[in-house]
Structure formats: C-alpha cells, structure tokens
file work-v3.cif (mmCIF, C-alpha atoms)
data_my_file
loop_
_atom_site.label_atom_id
_atom_site.label_comp_id
_atom_site.auth_asym_id
_atom_site.auth_seq_id
_atom_site.Cartn_x
_atom_site.Cartn_y
_atom_site.Cartn_z
CA MET U 924 -9.91 -69.14 40.57
CA SER U 925 -10.14 -72.54 42.27
CA ASP U 926 -7.85 -74.68 44.43
CA LYS U 927 -6.55 -76.04 41.12
CA GLY U 928 -5.66 -72.62 39.79
CA TYR U 929 -6.99 -70.98 36.67
CA VAL U 930 -6.60 -71.09 32.90
CA LEU U 931 -4.77 -68.24 31.18
CA ARG U 932 -6.98 -66.75 28.46
CA GLU U 933 -5.88 -64.71 25.48
CA ALA U 934 -7.31 -61.63 27.20
CA ASP U 935 -4.97 -62.23 30.15
CA LEU U 936 -1.79 -61.97 28.09
CA LEU U 937 -1.70 -58.18 27.68
CA PRO U 938 -2.15 -57.42 31.41
CA LEU U 939 0.30 -60.22 32.25
CA SER U 940 2.91 -58.73 29.92
CA ILE U 941 2.40 -55.23 31.36
CA GLY U 942 2.69 -56.45 34.94
CA ALA U 943 5.72 -58.57 34.09
CA ALA U 944 7.41 -55.62 32.39
CA LEU U 945 6.85 -53.57 35.53
CA LEU U 946 8.14 -56.28 37.89
CA GLY U 947 11.07 -56.89 35.53
CA THR U 948 12.83 -53.70 36.72
CA GLY U 949 13.81 -52.97 33.13
CA GLY U 950 14.92 -56.49 32.18
CA GLY U 951 13.69 -59.98 31.42
CA GLY U 952 13.34 -59.37 27.68
CA ASN U 953 10.74 -57.48 25.71
CA PRO U 954 7.34 -58.60 27.07
CA TYR U 955 5.38 -57.73 23.93
CA VAL U 956 7.30 -60.26 21.83
CA GLY U 957 6.74 -62.95 24.44
CA MET U 958 3.05 -62.09 24.60
CA LEU U 959 2.67 -62.51 20.83
CA ARG U 960 4.24 -65.99 20.91
CA ALA U 961 2.00 -67.10 23.77
CA ARG U 962 -1.07 -65.66 22.06
CA GLU U 963 -0.47 -67.66 18.89
CA LEU U 964 -0.20 -70.90 20.87
CA ILE U 965 -3.46 -70.21 22.72
CA ARG U 966 -5.15 -69.38 19.41
CA LYS U 967 -4.00 -72.78 18.12
CA GLY U 968 -5.76 -74.49 21.02
CA ALA U 969 -3.20 -74.68 23.81
CA GLU U 970 -4.61 -74.56 27.35
CA ILE U 971 -2.27 -73.17 29.99
CA ARG U 972 -3.33 -73.62 33.59
CA VAL U 973 -1.68 -71.64 36.39
CA LEU U 974 -1.41 -73.71 39.59
CA PRO U 975 -0.83 -72.52 43.18
CA LEU U 976 2.22 -73.78 45.03
CA ASP U 977 0.20 -76.35 46.97
CA ALA U 978 -1.48 -78.00 43.98
CA LEU U 979 1.07 -80.73 43.20
CA PRO U 980 2.52 -83.50 45.42
CA ASP U 981 5.96 -83.12 46.99
CA ASP U 982 7.60 -85.61 44.62
CA ALA U 983 6.38 -83.94 41.40
CA TRP U 984 9.19 -82.53 39.23
CA VAL U 985 9.15 -78.87 38.19
CA GLY U 986 11.24 -77.35 35.40
CA GLU U 987 12.56 -73.79 35.62
CA VAL U 988 13.04 -72.10 32.25
CA GLY U 989 13.89 -68.64 30.98
CA GLY U 990 15.61 -66.65 28.29
CA ILE U 991 19.31 -65.86 28.66
CA GLY U 992 21.18 -63.08 26.89
CA ALA U 993 20.91 -59.32 26.47
CA PRO U 994 17.39 -57.83 26.32
CA VAL U 995 18.39 -55.33 23.64
CA VAL U 996 19.21 -58.24 21.32
CA GLY U 997 15.79 -59.82 21.84
CA VAL U 998 14.13 -56.90 20.06
CA GLU U 999 16.29 -57.32 16.94
CA LYS U 1000 16.76 -61.12 16.98
CA ILE U 1001 13.24 -62.49 17.34
CA GLU U 1002 13.11 -65.93 18.96
CA GLU U 1003 11.55 -68.83 17.12
CA GLY U 1004 9.55 -69.68 20.25
CA GLY U 1005 10.50 -73.25 21.11
CA GLU U 1006 13.93 -72.55 22.60
CA CYS U 1007 13.01 -73.10 26.27
CA PHE U 1008 10.86 -76.10 25.41
CA ARG U 1009 13.75 -77.82 23.59
CA ALA U 1010 16.14 -77.02 26.44
CA MET U 1011 13.60 -78.39 28.93
CA ARG U 1012 13.18 -81.64 26.99
CA ALA U 1013 16.97 -82.06 26.86
CA VAL U 1014 17.15 -81.70 30.65
CA GLU U 1015 14.34 -84.24 31.12
CA GLU U 1016 16.17 -86.73 28.90
CA THR U 1017 19.50 -86.21 30.65
CA ALA U 1018 18.02 -86.36 34.17
CA GLY U 1019 15.74 -89.29 33.34
CA VAL U 1020 12.62 -87.67 34.80
CA LYS U 1021 9.30 -86.38 33.53
CA LEU U 1022 8.28 -82.87 34.47
CA SER U 1023 4.83 -82.14 35.90
CA ALA U 1024 4.94 -78.33 35.57
CA THR U 1025 7.09 -75.37 34.58
CA ILE U 1026 8.04 -72.29 36.58
CA SER U 1027 9.68 -69.02 35.66
CA ALA U 1028 13.27 -68.19 36.55
CA GLU U 1029 12.10 -64.59 36.85
CA ILE U 1030 8.71 -62.92 36.58
CA GLY U 1031 10.24 -60.01 34.67
CA GLY U 1032 9.48 -59.08 31.08
CA SER U 1033 9.36 -61.77 28.42
CA ASN U 1034 10.71 -64.32 30.90
CA ALA U 1035 7.31 -64.33 32.61
CA LEU U 1036 5.95 -65.75 29.36
CA GLU U 1037 8.73 -68.31 28.71
CA PRO U 1038 7.34 -70.98 31.10
CA VAL U 1039 3.88 -70.30 29.67
CA ILE U 1040 5.17 -70.93 26.16
CA ALA U 1041 7.15 -74.04 27.17
CA ALA U 1042 4.12 -75.34 29.08
CA ALA U 1043 1.91 -74.80 26.05
CA TYR U 1044 4.27 -76.85 23.88
CA ALA U 1045 4.52 -79.60 26.50
CA GLY U 1046 0.89 -79.67 27.65
CA LEU U 1047 1.88 -78.84 31.23
CA PRO U 1048 0.64 -76.35 33.85
CA VAL U 1049 2.62 -73.36 35.13
CA ILE U 1050 3.35 -72.79 38.81
CA ASP U 1051 2.19 -69.43 40.23
CA GLY U 1052 5.57 -68.18 41.39
CA ASP U 1053 9.14 -67.61 40.23
CA GLY U 1054 12.73 -67.54 41.40
CA MET U 1055 13.23 -63.80 41.88
CA GLY U 1056 10.02 -61.79 42.29
CA ARG U 1057 11.60 -59.45 39.72
CA ALA U 1058 14.36 -59.89 37.09
CA PHE U 1059 18.12 -60.25 37.54
CA PRO U 1060 20.81 -60.56 34.87
CA GLU U 1061 22.66 -63.72 35.95
CA VAL U 1062 21.70 -67.39 36.21
CA GLN U 1063 22.73 -67.87 39.85
CA MET U 1064 20.53 -64.98 41.03
CA THR U 1065 17.43 -67.05 41.77
CA THR U 1066 16.00 -68.17 45.08
CA PHE U 1067 16.27 -71.71 43.73
CA PHE U 1068 20.05 -71.58 43.35
CA ILE U 1069 20.57 -69.42 46.44
CA TYR U 1070 18.81 -72.03 48.58
CA GLY U 1071 20.30 -75.20 47.11
CA ALA U 1072 19.09 -76.14 43.61
CA LYS U 1073 21.48 -78.33 41.63
CA ALA U 1074 23.50 -76.70 38.84
CA ALA U 1075 23.21 -79.69 36.51
CA PRO U 1076 21.95 -81.10 34.31
CA ALA U 1077 21.02 -77.93 32.46
CA ALA U 1078 20.56 -77.12 28.79
CA ILE U 1079 20.55 -74.13 26.46
CA ALA U 1080 18.90 -73.93 23.03
CA ASP U 1081 18.76 -71.41 20.20
CA GLU U 1082 16.28 -70.64 17.43
CA LYS U 1083 18.25 -72.62 14.85
CA GLY U 1084 17.82 -75.97 16.60
CA ASN U 1085 21.15 -76.13 18.43
CA VAL U 1086 20.90 -77.60 21.93
CA VAL U 1087 23.85 -77.73 24.35
CA VAL U 1088 23.58 -79.85 27.51
CA PHE U 1089 25.63 -79.21 30.65
CA LYS U 1090 25.76 -82.70 32.14
CA GLU U 1091 28.06 -81.96 35.09
CA VAL U 1092 28.70 -78.46 36.45
CA ILE U 1093 30.46 -77.71 39.75
CA ASP U 1094 28.14 -74.94 40.92
CA MET U 1095 25.73 -72.20 39.85
CA PHE U 1096 28.53 -69.72 39.16
CA TRP U 1097 30.16 -72.06 36.65
CA LEU U 1098 26.76 -72.65 35.06
CA GLU U 1099 26.39 -68.88 34.60
CA THR U 1100 29.88 -68.71 33.05
CA PHE U 1101 29.31 -71.57 30.62
CA ALA U 1102 25.72 -70.68 29.73
CA ARG U 1103 26.60 -67.01 29.21
CA GLY U 1104 29.45 -67.94 26.87
CA VAL U 1105 27.26 -70.27 24.84
CA SER U 1106 24.46 -67.72 24.68
CA VAL U 1107 26.87 -65.14 23.24
CA ASN U 1108 27.84 -67.61 20.52
CA MET U 1109 24.14 -68.25 19.91
CA GLY U 1110 23.64 -64.55 19.20
CA ALA U 1111 23.19 -63.29 22.79
CA ALA U 1112 19.65 -64.67 23.00
CA ALA U 1113 18.74 -68.28 23.87
CA GLY U 1114 16.52 -70.43 26.09
CA LEU U 1115 17.84 -72.03 29.29
CA ALA U 1116 16.44 -74.86 31.41
CA ILE U 1117 17.95 -75.89 34.74
CA ALA U 1118 17.89 -79.19 36.62
CA PRO U 1119 14.45 -80.52 37.66
CA MET U 1120 13.36 -79.45 41.15
CA SER U 1121 10.99 -81.30 43.46
CA MET U 1122 7.70 -79.58 44.24
CA GLU U 1123 8.59 -79.76 47.94
CA PHE U 1124 11.75 -77.72 47.25
CA VAL U 1125 9.91 -75.25 45.00
CA ARG U 1126 7.26 -74.68 47.68
CA ARG U 1127 9.98 -73.66 50.15
CA THR U 1128 12.07 -71.49 47.84
CA ALA U 1129 9.87 -69.89 45.17
CA VAL U 1130 8.60 -66.33 45.45
CA PRO U 1131 4.87 -67.15 45.63
CA GLY U 1132 1.98 -65.83 43.57
CA THR U 1133 3.94 -63.70 41.14
CA VAL U 1134 2.06 -64.71 37.97
CA THR U 1135 -1.16 -63.58 39.62
CA GLN U 1136 0.60 -60.47 40.95
CA ALA U 1137 1.74 -59.51 37.44
CA LEU U 1138 -1.79 -60.06 36.11
CA GLN U 1139 -3.27 -57.85 38.83
CA ILE U 1140 -0.75 -55.06 38.18
CA GLY U 1141 -1.49 -55.19 34.46
CA HIS U 1142 -5.23 -54.98 35.07
CA THR U 1143 -4.65 -52.00 37.38
CA VAL U 1144 -2.74 -50.18 34.63
CA LEU U 1145 -5.38 -50.90 31.98
CA GLU U 1146 -8.29 -49.98 34.27
CA ALA U 1147 -6.61 -46.70 35.26
CA ARG U 1148 -6.17 -45.83 31.58
CA ARG U 1149 -9.82 -46.61 30.82
CA LYS U 1150 -10.97 -44.42 33.70
CA ARG U 1151 -8.48 -41.67 32.79
CA GLN U 1152 -6.88 -41.91 36.21
CA ASN U 1153 -3.25 -41.12 37.00
CA VAL U 1154 -1.73 -44.51 36.15
CA VAL U 1155 1.50 -43.95 38.08
CA GLU U 1156 -0.42 -43.03 41.23
CA ARG U 1157 -2.67 -46.10 40.89
CA VAL U 1158 0.31 -48.43 40.41
CA VAL U 1159 2.08 -46.98 43.45
CA ALA U 1160 -1.04 -47.26 45.60
CA SER U 1161 -1.90 -50.83 44.55
CA THR U 1162 1.60 -52.32 44.89
CA GLY U 1163 2.84 -50.82 48.14
CA GLY U 1164 5.58 -49.02 46.25
CA LYS U 1165 6.82 -45.44 46.47
CA LEU U 1166 7.50 -42.74 43.88
CA PHE U 1167 11.15 -41.67 44.09
CA PHE U 1168 11.64 -39.41 41.05
CA THR U 1169 9.99 -37.94 37.99
CA GLY U 1170 12.15 -36.63 35.20
CA LYS U 1171 13.21 -36.46 31.59
CA VAL U 1172 15.85 -38.81 30.19
CA THR U 1173 18.76 -36.62 29.10
CA ASP U 1174 21.31 -39.33 28.27
CA VAL U 1175 21.45 -43.11 27.93
CA ARG U 1176 24.78 -44.88 27.64
CA ARG U 1177 24.36 -48.57 26.96
CA GLU U 1178 26.69 -51.13 25.42
CA LEU U 1179 26.77 -54.89 25.01
CA VAL U 1180 29.52 -56.31 27.22
CA GLY U 1181 29.99 -60.03 27.91
CA GLY U 1182 26.41 -60.88 27.00
CA PHE U 1183 24.89 -58.07 29.10
CA ALA U 1184 23.57 -54.64 28.27
CA ARG U 1185 25.48 -52.36 30.66
CA GLY U 1186 25.33 -48.61 31.13
CA HIS U 1187 23.68 -45.64 32.83
CA ALA U 1188 20.65 -43.43 32.28
CA HIS U 1189 20.69 -39.78 33.36
CA LEU U 1190 17.54 -37.83 34.19
CA THR U 1191 16.68 -34.20 34.87
CA GLY U 1192 13.89 -33.73 37.37
CA VAL U 1193 10.41 -32.44 36.58
CA GLY U 1194 7.44 -31.65 38.82
CA ASP U 1195 8.29 -32.18 42.48
CA TRP U 1196 11.88 -33.02 41.49
CA ALA U 1197 12.52 -29.95 39.32
CA GLY U 1198 16.12 -28.84 39.86
CA SER U 1199 17.29 -32.33 40.84
CA GLU U 1200 19.28 -34.89 38.84
CA ALA U 1201 19.07 -38.68 38.90
CA ARG U 1202 21.15 -41.53 37.56
CA ILE U 1203 20.27 -45.21 37.11
CA ALA U 1204 22.89 -47.94 36.75
CA ILE U 1205 21.94 -50.72 34.32
CA GLN U 1206 23.03 -54.34 33.83
CA ASN U 1207 20.10 -55.64 31.79
CA GLU U 1208 18.00 -54.49 34.77
CA ASN U 1209 17.99 -51.27 36.82
CA LEU U 1210 20.49 -51.73 39.66
CA VAL U 1211 20.87 -48.48 41.60
CA LEU U 1212 19.04 -45.14 41.59
CA TRP U 1213 20.94 -42.05 42.74
CA VAL U 1214 19.08 -38.77 43.26
CA ASP U 1215 21.43 -35.80 43.52
CA GLU U 1216 24.26 -38.36 43.93
CA VAL U 1217 22.59 -40.02 46.95
CA PRO U 1218 21.74 -43.73 46.47
CA VAL U 1219 18.05 -44.08 47.30
CA ILE U 1220 17.15 -47.51 45.84
CA MET U 1221 19.48 -50.42 45.18
CA VAL U 1222 19.34 -54.11 44.34
CA PRO U 1223 17.71 -56.36 45.28
CA ASP U 1224 14.80 -53.91 45.74
CA LEU U 1225 12.93 -53.09 42.53
CA ILE U 1226 13.63 -49.93 40.50
CA ILE U 1227 10.79 -49.48 38.02
CA ASN U 1228 10.59 -46.92 35.21
CA LEU U 1229 7.10 -45.97 34.01
CA GLU U 1230 6.18 -43.59 31.23
CA LEU U 1231 4.91 -40.56 33.11
CA ASP U 1232 1.64 -40.03 31.22
CA THR U 1233 0.56 -43.60 30.34
CA GLY U 1234 2.17 -45.67 33.09
CA GLU U 1235 3.70 -47.96 30.45
CA PRO U 1236 6.67 -49.86 31.93
CA ILE U 1237 9.90 -48.96 30.14
CA THR U 1238 12.41 -51.79 29.74
CA THR U 1239 16.09 -50.91 29.47
CA GLU U 1240 16.38 -51.78 25.79
CA VAL U 1241 13.82 -49.11 24.82
CA LEU U 1242 14.96 -46.42 27.27
CA ARG U 1243 15.90 -43.37 25.21
CA TYR U 1244 16.56 -39.64 25.24
CA GLY U 1245 13.55 -37.40 25.80
CA GLN U 1246 11.30 -39.89 27.60
CA ARG U 1247 9.44 -38.49 30.61
CA ILE U 1248 9.45 -41.16 33.28
CA ALA U 1249 8.45 -41.86 36.85
CA VAL U 1250 10.85 -44.00 38.91
CA ILE U 1251 9.14 -46.22 41.47
CA GLY U 1252 10.73 -48.30 44.21
CA LEU U 1253 9.16 -51.57 45.35
CA PRO U 1254 10.44 -53.80 48.19
CA VAL U 1255 11.70 -57.19 47.07
CA HIS U 1256 10.37 -60.41 48.64
CA ASP U 1257 11.93 -61.41 51.97
CA LEU U 1258 13.58 -64.48 50.37
CA MET U 1259 15.83 -62.05 48.48
CA LYS U 1260 16.85 -60.07 51.58
CA THR U 1261 18.49 -62.73 53.76
CA PRO U 1262 22.26 -62.50 54.35
CA LYS U 1263 22.70 -65.55 52.12
CA ALA U 1264 20.70 -63.94 49.31
CA LEU U 1265 22.44 -60.57 49.59
CA GLU U 1266 25.78 -62.26 48.92
CA ILE U 1267 24.40 -63.14 45.47
CA VAL U 1268 22.04 -60.24 44.66
CA GLY U 1269 23.11 -57.36 46.90
CA PRO U 1270 24.91 -54.25 45.61
CA GLN U 1271 28.36 -55.75 46.27
CA ALA U 1272 27.57 -58.61 43.90
CA PHE U 1273 27.10 -56.05 41.11
CA GLY U 1274 30.35 -54.18 41.73
CA TYR U 1275 29.24 -51.58 44.27
CA PRO U 1276 31.29 -52.40 47.39
CA GLU U 1277 30.73 -48.90 48.74
CA LEU U 1278 26.97 -49.45 49.01
CA THR U 1279 25.26 -51.14 51.96
CA PHE U 1280 21.79 -52.46 51.20
CA ASN U 1281 19.14 -50.36 52.93
CA PRO U 1282 15.82 -52.12 52.31
CA LEU U 1283 12.76 -50.20 51.24
CA GLN U 1284 9.85 -50.30 53.65
CA PRO U 1285 6.50 -51.46 52.23
CA GLN U 1286 3.86 -48.76 51.96
CA PRO U 1287 0.13 -49.25 52.65
CA ILE U 1288 -1.66 -50.90 49.71
CA VAL U 1289 -4.77 -49.12 48.47
CA ALA U 1290 -7.05 -51.28 46.33
#
call {"tool": "encode", "arguments": {"input": "work-v3.cif", "output": "structure tokens"}}
result
Amino acid sequence: MSDKGYVLREADLLPLSIGAALLGTGGGGNPYVGMLRARELIRKGAEIRVLPLDALPDDAWVGEVGGIGAPVVGVEKIEEGGECFRAMRAVEETAGVKLSATISAEIGGSNALEPVIAAAYAGLPVIDGDGMGRAFPEVQMTTFFIYGAKAAPAAIADEKGNVVVFKEVIDMFWLETFARGVSVNMGAAAGLAIAPMSMEFVRRTAVPGTVTQALQIGHTVLEARRKRQNVVERVVASTGGKLFFTGKVTDVRRELVGGFARGHAHLTGVGDWAGSEARIAIQNENLVLWVDEVPVIMVPDLIINLELDTGEPITTEVLRYGQRIAVIGLPVHDLMKTPKALEIVGPQAFGYPELTFNPLQPQPIVA
C-alpha cells in the first residue's frame, strides 16, 4: 500500500466479499454475486484503485452508489451489472459535475462491490470508506445524510435500462420513500446514486478504512480455514467483537413487505448456551438480538451471524432452518452513535420504542 492507495486484484475479491458479508450484519445483498461481476470486469482489464480519504483535493467530487431493494430478491433476480454506473452518470449529467471517485453507501454484502463495479465501468478510483461501517436497510441511514448531504439530484436504474432521476427532493426521508417505491416497481432490486459530495465533506463524514477492514477480515477467515483454526474465535479476536450466542436455527419467518425483507429468526442454544433461546429481528439486516428475552445487542451495533464450523457469514436471505450459527456483536463506528445519528439508526427508528441503545464496548484486538 502507498499514500495513493492500492489496486484491487482478482485475488482480493473473495476476501473482500467475505469481509463485506460479515460487516453487512446480514444485509447489503448477496456478496458472491457482486464478487462475480467485479471479477469479470477485472478479467477484462479494468484497474480499480482504492484510495485513502486524504488522497484527493477538497474540491473533488465523490459519488455514493449502492443497490436498493430486498436482498432476498437479489439472489433470484440477478443484476445486469451496470445499474449503479448508469444511475451515477445520470446524477453527473443532472448536477453538471464530473466525479473523481466513487464510495460505498454501505460496506455490507454486495454493496461493498457496487462502487467497485461502477468505478471499473467509469475508470475511477474507489474511496476507502463508506457511509455506515455496516449495512442498513434505508437510504437516509448513512453518515452522509445524517451529517448534511443533499437529497438531490439522485437517480435509480434497473437492469433493463430504465433510469429515473430525482431532480428536486425535499429531504432524505422523501428520497427513501420515492426511491423505495420505484425500486419495488423495478422488481425490488435496482442501483441508486445520490448527489455528488465534495471530498472535504466525505473526509469529515465517511466511516474510514472500511474497504481495507473488509479485506483484512476476509483474509483472517481464509487463513484460519487453511490453518484449521477455529474461525469464529479468530474473527472475534481480530475484530474486537464478542461472541453472544451459539445455536441452531429452529425457525425463520421472513416476508417481503414494502421493498424490505422483514421477519424473525429463532435459535436454540448449543455449547455454552445450551438450554437458552435467542431471537433475531430482521429488516434486511439483523436489528436486535434477544437471549432468553433479554435484548443484548441492538442497532446500530453490528449483529453478525457466522456458520459455526466454517465461519462463513450468513446473510439474511440464506438464513434457514437447521443452520448452526455463532452470533457475534461488534461495536459500530462512533459516527453512528451520536444523538443525531441515533435518531436515524437507533432502535426507535426501527419500531422499538421500548429499547434504549446500550452500546457494546470494544474488546481487545488480537492479531
């Protein structure tokens, strides 16, 4: 790595997708599909450079892109690949600016790959950061919008070639409403680009270093597998997270409502948690973990499901009966824990007025 960042190689895509799936807290879209699209572009000669937050001048324009819809649909309705790129170009044209880089709305799942794919099409670098440090289900739930990004112009595009531009939008909540409605009509899976942001603004508001963080997590998982180590233990030790439950999935109730996958997963404890029960609330991502009816992790902190034996991150669309999983909690970045942020991403924002956010404390990191 240099002061000008580093180039993503084909060999980086698998660890990046694994780390992004883990940070995605169950959401962000299926990372394997996103990895395949990025791999084909690199094989065709695209060079994607990842830049640190201090690499570009203050007046450079950065474009935030990401998929919008329900993750469960993304497995069945495979994207064409250029959705975010077309939405980004529509925003450039409407705003009358030229972008210098892309950045992810969220580092979670396939959405970690969306700015990589858009950058490959456009011949641009990717900024090493994102707007969440995890994944969230709604457009307004990014540090960019929480701390003042404009709601328009924005654009949404589907795999068929349809592009819808939002030229004037009152605020980020209206953008979520309009974009969600259009995405449902596009088949509940589309690409979204928001208004260009100055590099000076991105430097102040992005969660830093999350592309590199996802890569490092992915490499940790793969190395632990090669060495036949306990993958869950290695992930916990290397991220500063904490193991909160191990159990078997006994029931998953999930339905598509208003463009979101909503539901609950129920688990029966195994190992140290034998005799206990757990429940996870889902809205695309994992929102709250209860153990024996006591809430122990809640948004915006990260609730991560890993396959107990392999450490494979389990996204909500593939969660199913009989899986043996470990549930890990990871503290969210401080930008997501301010009073202003909690109004948008705290438990009350997801319909849990009875819950008061109790932040997880970071654990020592063991390399």
call {"tool": "closest_residue", "arguments": {"input": "work-v3.cif", "among": "U:Leu976, U:Ala1188, U:Leu1115, U:Val1088", "to": "Pro1038 (chain U)", "atoms": "all atoms listed in the file"}}
result
U:Leu1115
call {"tool": "resolve_selection", "arguments": {"input": "work-v3.cif", "expression": "the PyMOL selection byres ((chain U and resi 1280) around 7)", "output": "list in words"}}
result
Met1221, Gly1269, Pro1270, Leu1278, Thr1279, Asn1281 and Pro1282 of chain U
call {"tool": "resolve_selection", "arguments": {"input": "work-v3.cif", "expression": "the PyMOL selection byres ((chain U and resi 1288) around 7)", "output": "list in words"}}
result
Ala1160, Ser1161, Thr1162, Gly1163, Gln1286, Pro1287, Val1289 and Ala1290 of chain U
call {"tool": "residues_around", "arguments": {"input": "work-v3.cif", "residues": "Pro1119 (chain U)", "least_positions_apart": "4", "cutoff": "9 Å", "atoms": "all atoms listed in the file", "output": "list of chain:residue names"}}
result
U:Trp984, U:Val985, U:Gly986, U:Glu987, U:Val1014, U:Glu1015, U:Ala1018, U:Val1020, U:Lys1021, U:Leu1022, U:Ala1072, U:Lys1073, U:Ala1075, U:Pro1076, U:Ala1077
call {"tool": "closest_atom_pairs", "arguments": {"input": "work-v3.cif", "of": "region 1170-1227 of chain U", "to": "region 1030-1035 of chain U", "cutoff": "12 Å", "atoms": "all atoms listed in the file", "output": "Markdown table"}}
result
| residue | atom | partner | partner_atom | distance |
| --- | --- | --- | --- | --- |
| U:Asn1207 | CA | U:Gly1031 | CA | 11.2 |
| U:Glu1208 | CA | U:Gly1031 | CA | 9.5 |
| U:Asn1209 | CA | U:Gly1031 | CA | 11.9 |
| U:Leu1225 | CA | U:Gly1031 | CA | 10.8 |
| U:Ile1227 | CA | U:Gly1031 | CA | 11.1 |
call {"tool": "closest_residue", "arguments": {"input": "work-v3.cif", "among": "U:Ala1028, U:Ile941, U:Ala969, U:Val930", "to": "Leu1229 (chain U)", "atoms": "only C-alpha atoms"}}
result
U:Ile941
call {"tool": "closest_residue", "arguments": {"input": "work-v3.cif", "among": "U:Tyr929, U:Trp1213, U:Tyr955, U:Phe1067", "to": "Val1125 (chain U)", "atoms": "all atoms listed in the file"}}
result
U:Phe1067
call {"tool": "build_atoms", "arguments": {"input": "work-v3.cif", "residues": "region 1222-1237 of chain U", "atoms": "N, CA, C and O atoms", "output": "PDB file, in the frame of the given file"}}
result
ATOM      1  N   VAL U1222      19.655 -52.687  44.359  1.00  0.00           N
ATOM      2  CA  VAL U1222      19.340 -54.110  44.340  1.00  0.00           C
ATOM      3  C   VAL U1222      19.579 -54.710  45.733  1.00  0.00           C
ATOM      4  O   VAL U1222      20.480 -54.270  46.446  1.00  0.00           O
ATOM      5  N   PRO U1223      18.713 -55.673  46.096  1.00  0.00           N
ATOM      6  CA  PRO U1223      17.710 -56.360  45.280  1.00  0.00           C
ATOM      7  C   PRO U1223      16.327 -55.701  45.217  1.00  0.00           C
ATOM      8  O   PRO U1223      15.438 -56.249  44.559  1.00  0.00           O
ATOM      9  N   ASP U1224      16.092 -54.574  45.894  1.00  0.00           N
ATOM     10  CA  ASP U1224      14.800 -53.910  45.740  1.00  0.00           C
ATOM     11  C   ASP U1224      14.569 -53.496  44.285  1.00  0.00           C
ATOM     12  O   ASP U1224      15.523 -53.339  43.516  1.00  0.00           O
ATOM     13  N   LEU U1225      13.309 -53.314  43.920  1.00  0.00           N
ATOM     14  CA  LEU U1225      12.930 -53.090  42.530  1.00  0.00           C
ATOM     15  C   LEU U1225      12.952 -51.606  42.166  1.00  0.00           C
ATOM     16  O   LEU U1225      12.354 -50.791  42.887  1.00  0.00           O
ATOM     17  N   ILE U1226      13.629 -51.275  41.066  1.00  0.00           N
ATOM     18  CA  ILE U1226      13.630 -49.930  40.500  1.00  0.00           C
ATOM     19  C   ILE U1226      12.876 -50.001  39.187  1.00  0.00           C
ATOM     20  O   ILE U1226      13.309 -50.665  38.239  1.00  0.00           O
ATOM     21  N   ILE U1227      11.734 -49.320  39.132  1.00  0.00           N
ATOM     22  CA  ILE U1227      10.790 -49.480  38.020  1.00  0.00           C
ATOM     23  C   ILE U1227      10.605 -48.141  37.320  1.00  0.00           C
ATOM     24  O   ILE U1227      10.272 -47.147  37.962  1.00  0.00           O
ATOM     25  N   ASN U1228      10.805 -48.123  36.008  1.00  0.00           N
ATOM     26  CA  ASN U1228      10.590 -46.920  35.210  1.00  0.00           C
ATOM     27  C   ASN U1228       9.245 -47.030  34.486  1.00  0.00           C
ATOM     28  O   ASN U1228       9.007 -47.992  33.749  1.00  0.00           O
ATOM     29  N   LEU U1229       8.385 -46.029  34.697  1.00  0.00           N
ATOM     30  CA  LEU U1229       7.100 -45.970  34.010  1.00  0.00           C
ATOM     31  C   LEU U1229       7.019 -44.688  33.196  1.00  0.00           C
ATOM     32  O   LEU U1229       7.473 -43.632  33.648  1.00  0.00           O
ATOM     33  N   GLU U1230       6.423 -44.794  32.021  1.00  0.00           N
ATOM     34  CA  GLU U1230       6.180 -43.590  31.230  1.00  0.00           C
ATOM     35  C   GLU U1230       5.218 -42.703  32.021  1.00  0.00           C
ATOM     36  O   GLU U1230       4.201 -43.159  32.522  1.00  0.00           O
ATOM     37  N   LEU U1231       5.583 -41.437  32.166  1.00  0.00           N
ATOM     38  CA  LEU U1231       4.910 -40.560  33.110  1.00  0.00           C
ATOM     39  C   LEU U1231       3.428 -40.381  32.823  1.00  0.00           C
ATOM     40  O   LEU U1231       2.610 -40.323  33.744  1.00  0.00           O
ATOM     41  N   ASP U1232       3.040 -40.304  31.560  1.00  0.00           N
ATOM     42  CA  ASP U1232       1.640 -40.030  31.220  1.00  0.00           C
ATOM     43  C   ASP U1232       0.787 -41.290  31.106  1.00  0.00           C
ATOM     44  O   ASP U1232      -0.395 -41.269  31.475  1.00  0.00           O
ATOM     45  N   THR U1233       1.359 -42.392  30.594  1.00  0.00           N
ATOM     46  CA  THR U1233       0.560 -43.600  30.340  1.00  0.00           C
ATOM     47  C   THR U1233       0.782 -44.701  31.363  1.00  0.00           C
ATOM     48  O   THR U1233       0.004 -45.654  31.411  1.00  0.00           O
ATOM     49  N   GLY U1234       1.857 -44.604  32.156  1.00  0.00           N
ATOM     50  CA  GLY U1234       2.170 -45.670  33.090  1.00  0.00           C
ATOM     51  C   GLY U1234       2.756 -46.901  32.426  1.00  0.00           C
ATOM     52  O   GLY U1234       2.888 -47.950  33.064  1.00  0.00           O
ATOM     53  N   GLU U1235       3.117 -46.817  31.157  1.00  0.00           N
ATOM     54  CA  GLU U1235       3.700 -47.960  30.450  1.00  0.00           C
ATOM     55  C   GLU U1235       5.089 -48.271  31.018  1.00  0.00           C
ATOM     56  O   GLU U1235       5.944 -47.393  31.103  1.00  0.00           O
ATOM     57  N   PRO U1236       5.336 -49.516  31.440  1.00  0.00           N
ATOM     58  CA  PRO U1236       6.670 -49.860  31.930  1.00  0.00           C
ATOM     59  C   PRO U1236       7.698 -49.739  30.802  1.00  0.00           C
ATOM     60  O   PRO U1236       7.448 -50.144  29.665  1.00  0.00           O
ATOM     61  N   ILE U1237       8.860 -49.182  31.131  1.00  0.00           N
ATOM     62  CA  ILE U1237       9.900 -48.960  30.140  1.00  0.00           C
ATOM     63  C   ILE U1237      11.068 -49.899  30.439  1.00  0.00           C
ATOM     64  O   ILE U1237      11.746 -49.756  31.468  1.00  0.00           O
TER      65      ILE U1237
END
